[in-house]
$ cat upload.pdb   # PDB, C-alpha atoms, pLDDT in the B column
ATOM      1  CA  MET E   2      -7.411  29.559  -2.015  1.00 66.00           C
ATOM      2  CA  PHE E   3     -11.002  28.555  -2.809  1.00 68.00           C
ATOM      3  CA  GLU E   4     -11.197  31.118  -5.612  1.00 67.00           C
ATOM      4  CA  ALA E   5      -7.945  29.827  -7.082  1.00 63.00           C
ATOM      5  CA  ILE E   6      -9.257  26.262  -7.027  1.00 69.00           C
ATOM      6  CA  LYS E   7     -12.585  27.387  -8.458  1.00 71.00           C
ATOM      7  CA  SER E   8     -10.794  29.036 -11.357  1.00 68.00           C
ATOM      8  CA  GLY E   9      -9.553  25.590 -12.395  1.00 68.00           C
ATOM      9  CA  GLY E  10     -13.009  24.675 -13.612  1.00 79.00           C
ATOM     10  CA  PRO E  11     -14.945  21.388 -13.407  1.00 84.00           C
ATOM     11  CA  LEU E  12     -11.839  19.238 -13.807  1.00 87.00           C
ATOM     12  CA  MET E  13     -10.682  20.313 -10.348  1.00 90.00           C
ATOM     13  CA  ILE E  14     -13.463  18.165  -8.850  1.00 92.00           C
ATOM     14  CA  PRO E  15     -11.981  14.789  -9.946  1.00 94.00           C
ATOM     15  CA  ILE E  16      -8.464  16.071  -9.186  1.00 94.00           C
ATOM     16  CA  ILE E  17      -9.478  17.008  -5.626  1.00 94.00           C
ATOM     17  CA  LEU E  18     -11.295  13.672  -5.264  1.00 96.00           C
ATOM     18  CA  CYS E  19      -8.121  11.866  -6.348  1.00 96.00           C
ATOM     19  CA  GLY E  20      -6.178  13.895  -3.785  1.00 96.00           C
ATOM     20  CA  VAL E  21      -8.552  12.946  -0.971  1.00 97.00           C
ATOM     21  CA  ILE E  22      -8.422   9.234  -1.864  1.00 97.00           C
ATOM     22  CA  ALA E  23      -4.629   9.303  -2.212  1.00 97.00           C
ATOM     23  CA  THR E  24      -4.292  10.978   1.193  1.00 97.00           C
ATOM     24  CA  TYR E  25      -6.468   8.298   2.791  1.00 97.00           C
ATOM     25  CA  ILE E  26      -4.459   5.483   1.184  1.00 97.00           C
ATOM     26  CA  ILE E  27      -1.126   7.004   2.213  1.00 97.00           C
ATOM     27  CA  ILE E  28      -2.198   7.448   5.840  1.00 97.00           C
ATOM     28  CA  GLU E  29      -3.808   3.991   6.001  1.00 97.00           C
ATOM     29  CA  ARG E  30      -0.737   2.238   4.556  1.00 97.00           C
ATOM     30  CA  CYS E  31       1.692   4.135   6.794  1.00 97.00           C
ATOM     31  CA  ILE E  32      -0.262   3.043   9.871  1.00 97.00           C
ATOM     32  CA  TYR E  33      -0.593  -0.506   8.535  1.00 97.00           C
ATOM     33  CA  PHE E  34       3.123  -1.051   7.889  1.00 97.00           C
ATOM     34  CA  TYR E  35       4.025   0.499  11.239  1.00 96.00           C
ATOM     35  CA  MET E  36       1.578  -1.744  13.096  1.00 96.00           C
ATOM     36  CA  ILE E  37       2.539  -5.008  11.394  1.00 95.00           C
ATOM     37  CA  LYS E  38       6.227  -4.349  12.049  1.00 94.00           C
ATOM     38  CA  LYS E  39       5.458  -3.779  15.729  1.00 96.00           C
ATOM     39  CA  ARG E  40       3.188  -6.842  15.962  1.00 96.00           C
ATOM     40  CA  ASP E  41       5.632  -9.118  14.116  1.00 95.00           C
ATOM     41  CA  MET E  42       8.452  -8.167  16.469  1.00 95.00           C
ATOM     42  CA  LYS E  43       6.273  -9.079  19.463  1.00 95.00           C
ATOM     43  CA  LEU E  44       5.123 -12.253  17.725  1.00 95.00           C
ATOM     44  CA  MET E  45       8.653 -13.543  17.148  1.00 94.00           C
ATOM     45  CA  TYR E  46       9.562 -12.744  20.763  1.00 93.00           C
ATOM     46  CA  ASP E  47       6.526 -14.688  22.022  1.00 93.00           C
ATOM     47  CA  LEU E  48       7.168 -17.591  19.654  1.00 93.00           C
ATOM     48  CA  ASN E  49      10.748 -17.890  20.822  1.00 90.00           C
ATOM     49  CA  GLY E  50       9.538 -18.738  24.309  1.00 89.00           C
ATOM     50  CA  SER E  51       6.583 -20.860  23.225  1.00 90.00           C
ATOM     51  CA  LEU E  52       8.479 -23.019  20.748  1.00 89.00           C
ATOM     52  CA  SER E  53      11.392 -23.490  23.133  1.00 86.00           C
ATOM     53  CA  GLY E  54       8.977 -25.191  25.486  1.00 86.00           C
ATOM     54  CA  SER E  55       7.044 -26.924  22.677  1.00 86.00           C
ATOM     55  CA  ASN E  56       3.963 -25.008  23.782  1.00 91.00           C
ATOM     56  CA  TYR E  57       2.202 -24.990  20.429  1.00 91.00           C
ATOM     57  CA  GLU E  58      -1.130 -23.813  21.827  1.00 92.00           C
ATOM     58  CA  ALA E  59       0.492 -20.656  23.189  1.00 93.00           C
ATOM     59  CA  ALA E  60       2.245 -20.186  19.841  1.00 93.00           C
ATOM     60  CA  ALA E  61      -1.093 -20.441  18.020  1.00 93.00           C
ATOM     61  CA  VAL E  62      -2.626 -17.894  20.408  1.00 94.00           C
ATOM     62  CA  ALA E  63       0.283 -15.511  19.762  1.00 94.00           C
ATOM     63  CA  CYS E  64      -0.312 -15.843  16.009  1.00 94.00           C
ATOM     64  CA  ALA E  65      -4.018 -15.107  16.415  1.00 93.00           C
ATOM     65  CA  GLU E  66      -3.292 -12.029  18.524  1.00 93.00           C
ATOM     66  CA  ALA E  67      -0.736 -10.678  16.040  1.00 94.00           C
ATOM     67  CA  ASP E  68      -3.119 -10.996  13.068  1.00 92.00           C
ATOM     68  CA  THR E  69      -0.456 -10.165  10.460  1.00 95.00           C
ATOM     69  CA  PRO E  70       0.382 -11.892   7.157  1.00 96.00           C
ATOM     70  CA  ALA E  71       3.454 -13.453   8.778  1.00 95.00           C
ATOM     71  CA  SER E  72       1.439 -14.746  11.738  1.00 95.00           C
ATOM     72  CA  GLN E  73      -1.094 -16.302   9.365  1.00 95.00           C
ATOM     73  CA  VAL E  74       1.658 -18.226   7.565  1.00 96.00           C
ATOM     74  CA  ILE E  75       3.292 -19.275  10.838  1.00 95.00           C
ATOM     75  CA  LYS E  76      -0.092 -20.463  12.124  1.00 94.00           C
ATOM     76  CA  LYS E  77      -0.366 -22.597   8.993  1.00 94.00           C
ATOM     77  CA  ALA E  78       3.061 -24.080   9.723  1.00 93.00           C
ATOM     78  CA  LEU E  79       1.977 -24.868  13.291  1.00 94.00           C
ATOM     79  CA  ASP E  80      -1.170 -26.577  12.046  1.00 92.00           C
ATOM     80  CA  CYS E  81       0.880 -28.694   9.643  1.00 91.00           C
ATOM     81  CA  ARG E  82       3.726 -29.518  12.034  1.00 88.00           C
ATOM     82  CA  ARG E  83       2.854 -33.229  12.062  1.00 87.00           C
ATOM     83  CA  TRP E  84       2.854 -33.457   8.276  1.00 88.00           C
ATOM     84  CA  ASP E  85       5.719 -34.678   6.139  1.00 87.00           C
ATOM     85  CA  GLU E  86       8.338 -31.904   5.840  1.00 84.00           C
ATOM     86  CA  LYS E  87       7.882 -31.551   2.076  1.00 89.00           C
ATOM     87  CA  ASP E  88       4.092 -31.303   2.383  1.00 90.00           C
ATOM     88  CA  MET E  89       4.391 -28.779   5.200  1.00 91.00           C
ATOM     89  CA  LYS E  90       6.686 -26.560   3.143  1.00 90.00           C
ATOM     90  CA  GLU E  91       4.287 -26.686   0.191  1.00 93.00           C
ATOM     91  CA  ALA E  92       1.389 -25.715   2.445  1.00 94.00           C
ATOM     92  CA  VAL E  93       3.413 -22.834   3.910  1.00 94.00           C
ATOM     93  CA  GLU E  94       4.415 -21.580   0.457  1.00 93.00           C
ATOM     94  CA  ALA E  95       0.789 -21.688  -0.690  1.00 95.00           C
ATOM     95  CA  GLU E  96      -0.243 -19.708   2.382  1.00 94.00           C
ATOM     96  CA  MET E  97       2.437 -17.114   1.631  1.00 94.00           C
ATOM     97  CA  ASP E  98       0.978 -16.608  -1.825  1.00 94.00           C
ATOM     98  CA  LEU E  99      -2.406 -15.995  -0.214  1.00 95.00           C
ATOM     99  CA  VAL E 100      -1.230 -13.372   2.290  1.00 96.00           C
ATOM    100  CA  ILE E 101       1.063 -11.282   0.066  1.00 95.00           C
ATOM    101  CA  PRO E 102      -1.910  -9.303  -1.382  1.00 95.00           C
ATOM    102  CA  ARG E 103      -2.536  -8.006   2.163  1.00 95.00           C
ATOM    103  CA  TYR E 104       0.735  -6.095   1.889  1.00 96.00           C
ATOM    104  CA  GLU E 105      -0.214  -4.739  -1.539  1.00 95.00           C
ATOM    105  CA  HIS E 106      -3.730  -3.631  -0.539  1.00 95.00           C
ATOM    106  CA  LEU E 107      -4.745  -0.298  -2.175  1.00 95.00           C
ATOM    107  CA  LEU E 108      -1.349   0.198  -3.846  1.00 96.00           C
ATOM    108  CA  THR E 109      -2.771  -0.399  -7.315  1.00 96.00           C
ATOM    109  CA  ALA E 110      -5.336   2.335  -6.628  1.00 97.00           C
ATOM    110  CA  LEU E 111      -2.593   4.714  -5.464  1.00 97.00           C
ATOM    111  CA  GLY E 112      -0.549   4.069  -8.608  1.00 96.00           C
ATOM    112  CA  THR E 113      -3.632   4.630 -10.754  1.00 97.00           C
ATOM    113  CA  ILE E 114      -4.355   7.935  -9.009  1.00 97.00           C
ATOM    114  CA  ALA E 115      -0.764   9.046  -9.611  1.00 95.00           C
ATOM    115  CA  ASN E 116      -1.263   8.540 -13.353  1.00 95.00           C
ATOM    116  CA  ILE E 117      -4.836   9.794 -13.613  1.00 95.00           C
ATOM    117  CA  SER E 118      -4.220  13.045 -11.725  1.00 95.00           C
ATOM    118  CA  THR E 119      -1.388  13.946 -14.101  1.00 93.00           C
ATOM    119  CA  LEU E 120      -3.610  13.240 -17.111  1.00 95.00           C
ATOM    120  CA  LEU E 121      -6.486  15.241 -15.622  1.00 93.00           C
ATOM    121  CA  GLY E 122      -4.131  18.178 -15.125  1.00 91.00           C
ATOM    122  CA  LEU E 123      -2.964  17.853 -18.737  1.00 91.00           C
ATOM    123  CA  LEU E 124      -6.568  17.678 -19.923  1.00 92.00           C
ATOM    124  CA  GLY E 125      -7.323  20.875 -18.009  1.00 86.00           C
ATOM    125  CA  THR E 126      -4.320  22.537 -19.629  1.00 88.00           C
ATOM    126  CA  VAL E 127      -5.559  21.583 -23.088  1.00 87.00           C
ATOM    127  CA  THR E 128      -9.158  22.656 -22.499  1.00 85.00           C
ATOM    128  CA  GLY E 129      -8.007  25.912 -20.908  1.00 79.00           C
ATOM    129  CA  ASN E 130      -5.777  26.707 -23.876  1.00 79.00           C
ATOM    130  CA  ILE E 131      -8.587  25.858 -26.304  1.00 82.00           C
ATOM    131  CA  LYS E 132     -10.859  28.326 -24.507  1.00 78.00           C
ATOM    132  CA  ALA E 133      -8.107  30.955 -24.540  1.00 73.00           C
ATOM    133  CA  PHE E 134      -7.642  30.566 -28.312  1.00 72.00           C
ATOM    134  CA  ASN E 135     -11.400  30.739 -28.805  1.00 74.00           C
ATOM    135  CA  VAL E 136     -11.430  34.053 -26.935  1.00 70.00           C
ATOM    136  CA  LEU E 137      -8.577  35.369 -29.061  1.00 68.00           C
ATOM    137  CA  GLY E 138     -10.241  34.231 -32.262  1.00 65.00           C
ATOM    138  CA  GLY E 139     -13.732  35.324 -31.327  1.00 60.00           C
ATOM    139  CA  GLY E 140     -13.351  39.040 -31.834  1.00 54.00           C
ATOM    140  CA  SER E 141     -11.100  41.869 -32.817  1.00 49.00           C
ATOM    141  CA  GLY E 142      -7.838  42.500 -31.042  1.00 49.00           C
ATOM    142  CA  MET E 143      -7.141  40.500 -27.869  1.00 54.00           C
ATOM    143  CA  GLY E 144     -10.800  39.609 -27.204  1.00 55.00           C
ATOM    144  CA  ASP E 145     -12.369  39.845 -23.751  1.00 62.00           C
ATOM    145  CA  PRO E 146      -9.482  40.150 -21.229  1.00 67.00           C
ATOM    146  CA  ALA E 147     -11.596  38.661 -18.407  1.00 67.00           C
ATOM    147  CA  HIS E 148     -12.478  35.541 -20.402  1.00 69.00           C
ATOM    148  CA  LEU E 149      -8.907  35.233 -21.620  1.00 68.00           C
ATOM    149  CA  ALA E 150      -7.546  35.432 -18.057  1.00 71.00           C
ATOM    150  CA  SER E 151     -10.134  32.884 -16.880  1.00 73.00           C
ATOM    151  CA  SER E 152      -9.139  30.419 -19.596  1.00 71.00           C
ATOM    152  CA  ILE E 153      -5.436  30.796 -18.859  1.00 78.00           C
ATOM    153  CA  ALA E 154      -6.122  30.382 -15.124  1.00 74.00           C
ATOM    154  CA  GLU E 155      -8.032  27.160 -15.818  1.00 75.00           C
ATOM    155  CA  ALA E 156      -5.067  25.788 -17.770  1.00 76.00           C
ATOM    156  CA  LEU E 157      -2.536  26.685 -15.073  1.00 86.00           C
ATOM    157  CA  VAL E 158      -4.566  25.716 -11.988  1.00 89.00           C
ATOM    158  CA  THR E 159      -5.511  22.271 -13.313  1.00 90.00           C
ATOM    159  CA  THR E 160      -1.877  21.622 -14.232  1.00 91.00           C
ATOM    160  CA  VAL E 161      -0.717  22.565 -10.737  1.00 92.00           C
ATOM    161  CA  GLY E 162      -3.548  20.618  -9.113  1.00 92.00           C
ATOM    162  CA  GLY E 163      -2.743  17.477 -11.077  1.00 93.00           C
ATOM    163  CA  LEU E 164       0.953  17.683 -10.186  1.00 95.00           C
ATOM    164  CA  VAL E 165       0.262  18.390  -6.506  1.00 95.00           C
ATOM    165  CA  VAL E 166      -1.718  15.146  -6.320  1.00 96.00           C
ATOM    166  CA  SER E 167       0.496  13.104  -8.640  1.00 96.00           C
ATOM    167  CA  ILE E 168       3.973  13.802  -7.212  1.00 96.00           C
ATOM    168  CA  PRO E 169       3.294  12.655  -3.613  1.00 96.00           C
ATOM    169  CA  SER E 170       1.286   9.701  -4.944  1.00 97.00           C
ATOM    170  CA  VAL E 171       4.208   8.515  -7.076  1.00 97.00           C
ATOM    171  CA  VAL E 172       6.696   8.981  -4.225  1.00 97.00           C
ATOM    172  CA  PHE E 173       4.591   7.072  -1.675  1.00 97.00           C
ATOM    173  CA  HIS E 174       3.596   4.399  -4.184  1.00 97.00           C
ATOM    174  CA  ASN E 175       7.258   3.584  -4.825  1.00 97.00           C
ATOM    175  CA  TYR E 176       8.015   3.758  -1.102  1.00 97.00           C
ATOM    176  CA  PHE E 177       5.207   1.343  -0.261  1.00 97.00           C
ATOM    177  CA  LEU E 178       6.349  -1.066  -2.980  1.00 97.00           C
ATOM    178  CA  SER E 179       9.781  -1.138  -1.354  1.00 97.00           C
ATOM    179  CA  ARG E 180       8.112  -1.729   2.023  1.00 96.00           C
ATOM    180  CA  VAL E 181       6.144  -4.633   0.532  1.00 97.00           C
ATOM    181  CA  ASN E 182       9.339  -6.247  -0.753  1.00 96.00           C
ATOM    182  CA  HIS E 183      11.025  -5.703   2.616  1.00 96.00           C
ATOM    183  CA  CYS E 184       8.061  -7.194   4.488  1.00 96.00           C
ATOM    184  CA  ILE E 185       8.003 -10.249   2.222  1.00 96.00           C
ATOM    185  CA  VAL E 186      11.717 -10.866   2.842  1.00 95.00           C
ATOM    186  CA  GLU E 187      11.224 -10.514   6.601  1.00 95.00           C
ATOM    187  CA  MET E 188       8.192 -12.800   6.527  1.00 95.00           C
ATOM    188  CA  GLU E 189      10.116 -15.480   4.623  1.00 94.00           C
ATOM    189  CA  SER E 190      12.956 -15.237   7.134  1.00 94.00           C
ATOM    190  CA  ASP E 191      10.636 -15.486  10.154  1.00 93.00           C
ATOM    191  CA  VAL E 192       8.624 -18.356   8.681  1.00 93.00           C
ATOM    192  CA  THR E 193      11.759 -20.267   7.715  1.00 92.00           C
ATOM    193  CA  SER E 194      13.131 -19.981  11.255  1.00 91.00           C
ATOM    194  CA  VAL E 195       9.861 -21.333  12.667  1.00 92.00           C
ATOM    195  CA  VAL E 196       9.707 -24.193  10.143  1.00 91.00           C
ATOM    196  CA  LEU E 197      13.273 -25.198  10.983  1.00 89.00           C
ATOM    197  CA  ARG E 198      12.349 -25.372  14.666  1.00 88.00           C
ATOM    198  CA  LEU E 199       9.194 -27.350  13.965  1.00 87.00           C
ATOM    199  CA  THR E 200      11.125 -29.877  11.880  1.00 82.00           C
ATOM    200  CA  GLY E 201      13.754 -30.231  14.591  1.00 75.00           C
ATOM    201  CA  ARG E 202      16.631 -28.859  12.568  1.00 69.00           C
ATOM    202  CA  VAL E 203      17.065 -25.941  14.949  1.00 64.00           C
ATOM    203  CA  LYS E 204      16.419 -26.055  18.664  1.00 60.00           C
TER     204      LYS E 204
END

$ encode --input "upload.pdb" --output "structure tokens"
Amino acid sequence: MFEAIKSGGPLMIPIILCGVIATYIIIERCIYFYMIKKRDMKLMYDLNGSLSGSNYEAAAVACAEADTPASQVIKKALDCRRWDEKDMKEAVEAEMDLVIPRYEHLLTALGTIANISTLLGLLGTVTGNIKAFNVLGGGSGMGDPAHLASSIAEALVTTVGGLVVSIPSVVFHNYFLSRVNHCIVEMESDVTSVVLRLTGRVK
């Protein structure tokens, strides 16, 4: 395996680096989305009891313990519960805009890696083919078979390497974007239910 990777030439170094970074991002985001879903479920369960008894201090503690984007927005709503309803809603909406980037953390980097790794593989294909043609044009007949095989290997290995990194990156990038949208919808629903209870519209 190492020899095959080595045959890809210097361009395999940035491709492998992209693969390592992409793997880290994918694992980190999978754990993150799993944890915030679990914490938000517990948060809403705790808030149901706290708000039913108008125990706002306990509700604030539950938000602090959850430490999720949704809990941050709900904490803002709790802090503004004595404000005019219109002002409270504006404050909550502003807080939502602040926390949404927490869902999108590292996704731009993952999308960039998906594109760059493909281009690096294509670059390796081009440079490998150029070397192969130089071998063919550098002497009589088919040139040096060893150099020709090395050039062709560089073209093929970098292409494969770029695709191996790019395909999973694209798949997970799109998956995480859908998770972000889903989380935002859930957050809006949870926050709205809390705001309605704070304003007395729902008991």

$ closest_atom_pairs --input "upload.pdb" --of "region 150-188 of chain E" --to "region 34-45 of chain E" --cutoff "12 Å" --atoms "only C-alpha atoms" --output "JSON lines"
{"residue": "E:Tyr176", "atom": "CA", "partner": "E:Phe34", "partner_atom": "CA", "distance": 11.3}
{"residue": "E:Phe177", "atom": "CA", "partner": "E:Phe34", "partner_atom": "CA", "distance": 8.7}
{"residue": "E:Leu178", "atom": "CA", "partner": "E:Phe34", "partner_atom": "CA", "distance": 11.3}
{"residue": "E:Ser179", "atom": "CA", "partner": "E:Phe34", "partner_atom": "CA", "distance": 11.4}
{"residue": "E:Arg180", "atom": "CA", "partner": "E:Phe34", "partner_atom": "CA", "distance": 7.7}
{"residue": "E:Val181", "atom": "CA", "partner": "E:Phe34", "partner_atom": "CA", "distance": 8.7}
{"residue": "E:Asn182", "atom": "CA", "partner": "E:Phe34", "partner_atom": "CA", "distance": 11.8}
{"residue": "E:His183", "atom": "CA", "partner": "E:Phe34", "partner_atom": "CA", "distance": 10.6}
{"residue": "E:Cys184", "atom": "CA", "partner": "E:Lys38", "partner_atom": "CA", "distance": 8.3}
{"residue": "E:Ile185", "atom": "CA", "partner": "E:Lys38", "partner_atom": "CA", "distance": 11.6}
{"residue": "E:Glu187", "atom": "CA", "partner": "E:Asp41", "partner_atom": "CA", "distance": 9.5}
{"residue": "E:Met188", "atom": "CA", "partner": "E:Asp41", "partner_atom": "CA", "distance": 8.8}

$ resolve_selection --input "upload.pdb" --expression "the PyMOL selection byres ((chain E and resi 57) around 12)" --output "PyMOL selection string"
chain E and resi 47-56+58-64+75-83+195+198-199

$ atom_distance --input "upload.pdb" --atom1 "CA of Pro102 (chain E)" --atom2 "CA of Ala71 (chain E)"
12.2 Å

$ resolve_selection --input "upload.pdb" --expression "the PyMOL selection byres ((chain E and resi 9-25) around 9)" --output "PyMOL selection string"
chain E and resi 4-8+26-30+110-111+114-115+117-119+121-122+124-125+129+151-152+154-160+162-163+165-167+169-170

$ atom_distance --input "upload.pdb" --atom1 "CA of Glu91 (chain E)" --atom2 "CA of Asp68 (chain E)"
21.6 Å

$ closest_residue --input "upload.pdb" --among "E:Gln73, E:Thr128, E:Asn175, E:Thr113" --to "Glu94 (chain E)" --atoms "only C-alpha atoms"
E:Gln73

$ atom_distance --input "upload.pdb" --atom1 "CA of Gly112 (chain E)" --atom2 "CA of His174 (chain E)"
6.1 Å

$ residues_around --input "upload.pdb" --residues "Val100 (chain E)" --least-positions-apart "2" --cutoff "9 Å" --atoms "only C-alpha atoms" --output "list in words"
Thr69, Pro70, Ala71, Gln73, Val74, Glu96, Met97, Asp98, Pro102, Arg103 and Tyr104 of chain E

$ axis_aligned_box --input "upload.pdb" --around "region 190-203 of chain E" --padding-each-side "5 Å" --output "JSON"
{"center_x": 12.8, "center_y": -22.7, "center_z": 11.0, "size_x": 18.4, "size_y": 25.0, "size_z": 17.8}

$ closest_residue --input "upload.pdb" --among "E:Val161, E:Val192, E:Val127, E:Cys31" --to "Phe173 (chain E)" --atoms "only C-alpha atoms"
E:Cys31

$ decode --input "upload.pdb" --residues "region 173-182 of chain E" --atoms "all heavy atoms" --output "PDB file, in the first residue's frame"
ATOM      1  N   PHE E 173     -20.706  13.479   2.935  1.00  0.00           N
ATOM      2  CA  PHE E 173     -20.904  13.935   4.318  1.00  0.00           C
ATOM      3  C   PHE E 173     -21.179  15.436   4.382  1.00  0.00           C
ATOM      4  O   PHE E 173     -21.929  15.883   5.264  1.00  0.00           O
ATOM      5  CB  PHE E 173     -19.692  13.573   5.178  1.00  0.00           C
ATOM      6  CG  PHE E 173     -19.715  12.168   5.691  1.00  0.00           C
ATOM      7  CD1 PHE E 173     -18.988  11.171   5.068  1.00  0.00           C
ATOM      8  CD2 PHE E 173     -20.488  11.834   6.791  1.00  0.00           C
ATOM      9  CE1 PHE E 173     -19.018   9.860   5.528  1.00  0.00           C
ATOM     10  CE2 PHE E 173     -20.523  10.534   7.263  1.00  0.00           C
ATOM     11  CZ  PHE E 173     -19.790   9.537   6.633  1.00  0.00           C
ATOM     12  N   HIS E 174     -20.605  16.205   3.488  1.00  0.00           N
ATOM     13  CA  HIS E 174     -20.876  17.636   3.464  1.00  0.00           C
ATOM     14  C   HIS E 174     -22.359  17.886   3.207  1.00  0.00           C
ATOM     15  O   HIS E 174     -22.994  18.689   3.903  1.00  0.00           O
ATOM     16  CB  HIS E 174     -20.032  18.313   2.378  1.00  0.00           C
ATOM     17  CG  HIS E 174     -20.233  19.791   2.290  1.00  0.00           C
ATOM     18  ND1 HIS E 174     -20.985  20.389   1.309  1.00  0.00           N
ATOM     19  CD2 HIS E 174     -19.796  20.801   3.091  1.00  0.00           C
ATOM     20  CE1 HIS E 174     -20.997  21.699   1.490  1.00  0.00           C
ATOM     21  NE2 HIS E 174     -20.284  21.975   2.548  1.00  0.00           N
ATOM     22  N   ASN E 175     -22.924  17.204   2.230  1.00  0.00           N
ATOM     23  CA  ASN E 175     -24.351  17.350   1.939  1.00  0.00           C
ATOM     24  C   ASN E 175     -25.212  16.824   3.087  1.00  0.00           C
ATOM     25  O   ASN E 175     -26.253  17.407   3.420  1.00  0.00           O
ATOM     26  CB  ASN E 175     -24.706  16.619   0.643  1.00  0.00           C
ATOM     27  CG  ASN E 175     -24.115  17.299  -0.582  1.00  0.00           C
ATOM     28  OD1 ASN E 175     -23.868  18.506  -0.571  1.00  0.00           O
ATOM     29  ND2 ASN E 175     -23.880  16.536  -1.636  1.00  0.00           N
ATOM     30  N   TYR E 176     -24.772  15.723   3.698  1.00  0.00           N
ATOM     31  CA  TYR E 176     -25.513  15.173   4.834  1.00  0.00           C
ATOM     32  C   TYR E 176     -25.533  16.155   6.005  1.00  0.00           C
ATOM     33  O   TYR E 176     -26.588  16.388   6.619  1.00  0.00           O
ATOM     34  CB  TYR E 176     -24.885  13.849   5.278  1.00  0.00           C
ATOM     35  CG  TYR E 176     -25.381  13.362   6.619  1.00  0.00           C
ATOM     36  CD1 TYR E 176     -26.674  12.865   6.778  1.00  0.00           C
ATOM     37  CD2 TYR E 176     -24.558  13.413   7.744  1.00  0.00           C
ATOM     38  CE1 TYR E 176     -27.138  12.439   8.012  1.00  0.00           C
ATOM     39  CE2 TYR E 176     -25.006  12.986   8.983  1.00  0.00           C
ATOM     40  CZ  TYR E 176     -26.293  12.498   9.109  1.00  0.00           C
ATOM     41  OH  TYR E 176     -26.749  12.077  10.331  1.00  0.00           O
ATOM     42  N   PHE E 177     -24.379  16.750   6.292  1.00  0.00           N
ATOM     43  CA  PHE E 177     -24.303  17.687   7.411  1.00  0.00           C
ATOM     44  C   PHE E 177     -25.113  18.956   7.132  1.00  0.00           C
ATOM     45  O   PHE E 177     -25.688  19.539   8.057  1.00  0.00           O
ATOM     46  CB  PHE E 177     -22.849  18.046   7.717  1.00  0.00           C
ATOM     47  CG  PHE E 177     -22.050  16.915   8.316  1.00  0.00           C
ATOM     48  CD1 PHE E 177     -20.740  16.689   7.932  1.00  0.00           C
ATOM     49  CD2 PHE E 177     -22.619  16.071   9.260  1.00  0.00           C
ATOM     50  CE1 PHE E 177     -20.003  15.647   8.486  1.00  0.00           C
ATOM     51  CE2 PHE E 177     -21.896  15.027   9.810  1.00  0.00           C
ATOM     52  CZ  PHE E 177     -20.582  14.816   9.420  1.00  0.00           C
ATOM     53  N   LEU E 178     -25.158  19.388   5.884  1.00  0.00           N
ATOM     54  CA  LEU E 178     -25.989  20.543   5.540  1.00  0.00           C
ATOM     55  C   LEU E 178     -27.457  20.249   5.816  1.00  0.00           C
ATOM     56  O   LEU E 178     -28.187  21.118   6.315  1.00  0.00           O
ATOM     57  CB  LEU E 178     -25.793  20.928   4.072  1.00  0.00           C
ATOM     58  CG  LEU E 178     -24.460  21.604   3.708  1.00  0.00           C
ATOM     59  CD1 LEU E 178     -24.422  21.904   2.214  1.00  0.00           C
ATOM     60  CD2 LEU E 178     -24.247  22.880   4.512  1.00  0.00           C
ATOM     61  N   SER E 179     -27.881  19.029   5.492  1.00  0.00           N
ATOM     62  CA  SER E 179     -29.273  18.653   5.785  1.00  0.00           C
ATOM     63  C   SER E 179     -29.505  18.587   7.291  1.00  0.00           C
ATOM     64  O   SER E 179     -30.573  18.954   7.781  1.00  0.00           O
ATOM     65  CB  SER E 179     -29.619  17.307   5.136  1.00  0.00           C
ATOM     66  OG  SER E 179     -28.926  16.239   5.749  1.00  0.00           O
ATOM     67  N   ARG E 180     -28.500  18.132   8.041  1.00  0.00           N
ATOM     68  CA  ARG E 180     -28.613  18.091   9.499  1.00  0.00           C
ATOM     69  C   ARG E 180     -28.708  19.511  10.069  1.00  0.00           C
ATOM     70  O   ARG E 180     -29.460  19.753  11.013  1.00  0.00           O
ATOM     71  CB  ARG E 180     -27.396  17.381  10.102  1.00  0.00           C
ATOM     72  CG  ARG E 180     -27.369  15.886   9.899  1.00  0.00           C
ATOM     73  CD  ARG E 180     -28.466  15.192  10.683  1.00  0.00           C
ATOM     74  NE  ARG E 180     -28.354  15.474  12.100  1.00  0.00           N
ATOM     75  CZ  ARG E 180     -29.389  15.503  12.929  1.00  0.00           C
ATOM     76  NH1 ARG E 180     -30.614  15.298  12.462  1.00  0.00           N
ATOM     77  NH2 ARG E 180     -29.212  15.748  14.222  1.00  0.00           N
ATOM     78  N   VAL E 181     -27.945  20.432   9.504  1.00  0.00           N
ATOM     79  CA  VAL E 181     -28.000  21.826   9.945  1.00  0.00           C
ATOM     80  C   VAL E 181     -29.408  22.379   9.764  1.00  0.00           C
ATOM     81  O   VAL E 181     -29.976  22.998  10.677  1.00  0.00           O
ATOM     82  CB  VAL E 181     -26.979  22.691   9.173  1.00  0.00           C
ATOM     83  CG1 VAL E 181     -27.241  24.182   9.414  1.00  0.00           C
ATOM     84  CG2 VAL E 181     -25.556  22.345   9.591  1.00  0.00           C
ATOM     85  N   ASN E 182     -29.977  22.167   8.580  1.00  0.00           N
ATOM     86  CA  ASN E 182     -31.335  22.652   8.315  1.00  0.00           C
ATOM     87  C   ASN E 182     -32.340  22.024   9.274  1.00  0.00           C
ATOM     88  O   ASN E 182     -33.250  22.704   9.778  1.00  0.00           O
ATOM     89  CB  ASN E 182     -31.730  22.350   6.871  1.00  0.00           C
ATOM     90  CG  ASN E 182     -30.919  23.153   5.867  1.00  0.00           C
ATOM     91  OD1 ASN E 182     -30.470  24.260   6.163  1.00  0.00           O
ATOM     92  ND2 ASN E 182     -30.718  22.612   4.682  1.00  0.00           N
TER      93      ASN E 182
END
